[in-house]
Amino acid sequence: MSDTRLQILDTGRALTAQRGYTSVGLTELLTAAQVPKGSFYHYFASKEDYGCALLHHYADQYRLELAPTLNNPTLSGRDQILSYVTVWQQRQSSDMAGQKCLIVKLAAEISDLSPAMRSILQKAVEGITARLMACLCKGQEDGSLTSDLDPVQTATTLYQIWLGASLMAHLSQNGTPFETAMAQTKAMLPPPQ
């Protein structure tokens with residue numbers, strides 16, 4: 001990937017996380033990225049093509065960012081999940097817009113706007129849910145979680161709880177929804193007695 005294309009995508013991630021996809025115009029994006037206006041169409045066929053590239057780039061980065069949590073082999077399955085949701089809460093509570101989850105920010109905004117972008121987000125969610133499910137299975141194997149847990153249903157429910165908590169925390173402008181989500185997560189993942 002060229003440095004200029006990467007600069008546009010990285011700048012776009014920060015701006016989009018802060019203000020949304022449709023609120024960021026190309027002129028603003030290119031000015032912030034310090035890229036000449038004519039360069040945009042050298043790298044992207046359209047704003048939608050850019051949006052798809054932005055989401056692919058975000059999903060690729062996010063997979064790498066899972067290393068200390070869901071992809072950490074030194075943690076038990078239960079601790080991988082608890083670590084992941086703790087980091088989720090920290091990032092979504094941060095004042096740094098570039099740290100926040102684009103899935104949370106964009107899911108409602110682009111679901112009717114672009115089928116291609118919606119599909120990329122859906123695949124990203126499926127990937128995260130699959131990682132959660134793998135951690136749940138690992139937890140059952142390593143004894144950190146009970147064997148009667150349904151990994152598929154629990155992974156889906158956990159992701160939905162945290163997605164909802166992020167939206168509610170944004171609306172309320174406080175951390176109470178995250179505290180509720182954390183309590184619910186721990187209740188769903190009791191260690192074996």
# chains A, B, ... in the order shown; residues from 1 in each chain; ligands from 1

call {"tool": "closest_atom_pairs", "arguments": {"of": "region 62-82 of chain A", "to": "region 49-58 of chain A", "cutoff": "10 Å", "atoms": "only C-alpha atoms", "output": "CSV"}}
result
residue,atom,partner,partner_atom,distance
A:Tyr62,CA,A:Tyr58,CA,6.0
A:Arg63,CA,A:Tyr58,CA,8.6
A:Leu64,CA,A:Tyr58,CA,10.0

call {"tool": "closest_atom_pairs", "arguments": {"of": "region 14-123 of chain A", "to": "region 172-188 of chain A", "cutoff": "12 Å", "atoms": "only C-alpha atoms", "output": "Markdown table"}}
result
| residue | atom | partner | partner_atom | distance |
| --- | --- | --- | --- | --- |
| A:Arg78 | CA | A:Lys186 | CA | 9.4 |
| A:Asp79 | CA | A:Lys186 | CA | 10.5 |
| A:Ile81 | CA | A:Thr185 | CA | 9.0 |
| A:Leu82 | CA | A:Lys186 | CA | 7.9 |
| A:Ser83 | CA | A:Met182 | CA | 10.9 |
| A:Tyr84 | CA | A:Met182 | CA | 11.0 |
| A:Val85 | CA | A:Met182 | CA | 7.5 |
| A:Thr86 | CA | A:Met182 | CA | 8.0 |
| A:Val87 | CA | A:Phe178 | CA | 11.3 |
| A:Trp88 | CA | A:Phe178 | CA | 9.3 |
| A:Gln89 | CA | A:Phe178 | CA | 6.4 |
| A:Gln90 | CA | A:Phe178 | CA | 9.5 |
| A:Arg91 | CA | A:Phe178 | CA | 11.4 |
| A:Gln92 | CA | A:Phe178 | CA | 9.3 |
| A:Ser93 | CA | A:Gly175 | CA | 7.3 |
| A:Ser94 | CA | A:Gly175 | CA | 10.8 |
| A:Asp95 | CA | A:Gln173 | CA | 11.4 |

call {"tool": "residues_around", "arguments": {"residues": "Leu30 (chain A)", "least_positions_apart": "4", "cutoff": "10 Å", "atoms": "only C-alpha atoms", "output": "list of chain:residue names"}}
result
A:Gln7, A:Ile8, A:Thr11, A:Gly12, A:Gly25, A:Leu26, A:Gln34, A:Val35, A:Pro36, A:Lys37, A:Gly38, A:Ser39, A:Phe40

call {"tool": "select_by_dssp", "arguments": {"residues": "region 52-192 of chain A", "states": "helix (DSSP H, G or I)", "output": "JSON, numbers by chain"}}
result
{"A": [52, 53, 54, 55, 56, 57, 58, 59, 60, 61, 62, 63, 64, 65, 77, 78, 79, 80, 81, 82, 83, 84, 85, 86, 87, 88, 89, 90, 91, 92, 93, 97, 98, 99, 102, 103, 104, 105, 106, 107, 108, 109, 110, 115, 116, 117, 118, 119, 120, 121, 122, 123, 124, 125, 126, 127, 128, 129, 130, 131, 132, 133, 134, 135, 136, 137, 138, 139, 140, 141, 142, 151, 152, 153, 154, 155, 156, 157, 158, 159, 160, 161, 162, 163, 164, 165, 166, 167, 168, 169, 170, 171, 172, 176, 177, 178, 179, 180, 181, 182, 183, 184, 185, 186, 187, 188]}

call {"tool": "closest_atom_pairs", "arguments": {"of": "region 3-79 of chain A", "to": "region 140-150 of chain A", "cutoff": "12 Å", "atoms": "only C-alpha atoms", "output": "CSV"}}
result
residue,atom,partner,partner_atom,distance
A:Pro73,CA,A:Asp142,CA,11.5
A:Thr74,CA,A:Asp142,CA,11.6
A:Leu75,CA,A:Ser144,CA,10.0
A:Ser76,CA,A:Ser144,CA,6.4
A:Gly77,CA,A:Ser144,CA,6.6
A:Arg78,CA,A:Ser144,CA,5.7
A:Asp79,CA,A:Ser144,CA,8.1

call {"tool": "closest_residue", "arguments": {"among": "A:Glu65, A:Ala59, A:Ala108, A:Asn71", "to": "Val125 (chain A)", "atoms": "only C-alpha atoms"}}
result
A:Ala59

call {"tool": "atom_distance", "arguments": {"atom1": "CA of Ser2 (chain A)", "atom2": "CA of Ala45 (chain A)"}}
result
15.7 Å

call {"tool": "closest_residue", "arguments": {"among": "A:Ala169, A:Ala33, A:Leu132, A:Ala17", "to": "Val152 (chain A)", "atoms": "only C-alpha atoms"}}
result
A:Leu132

call {"tool": "atom_distance", "arguments": {"atom1": "CA of Leu167 (chain A)", "atom2": "CA of Ser111 (chain A)"}}
result
15.6 Å

call {"tool": "residues_around", "arguments": {"residues": "region 112-114 of chain A", "least_positions_apart": "3", "cutoff": "12 Å", "atoms": "only C-alpha atoms", "output": "MDAnalysis selection string"}}
result
chainID A and resid 21:22 47:52 106:109 117:121
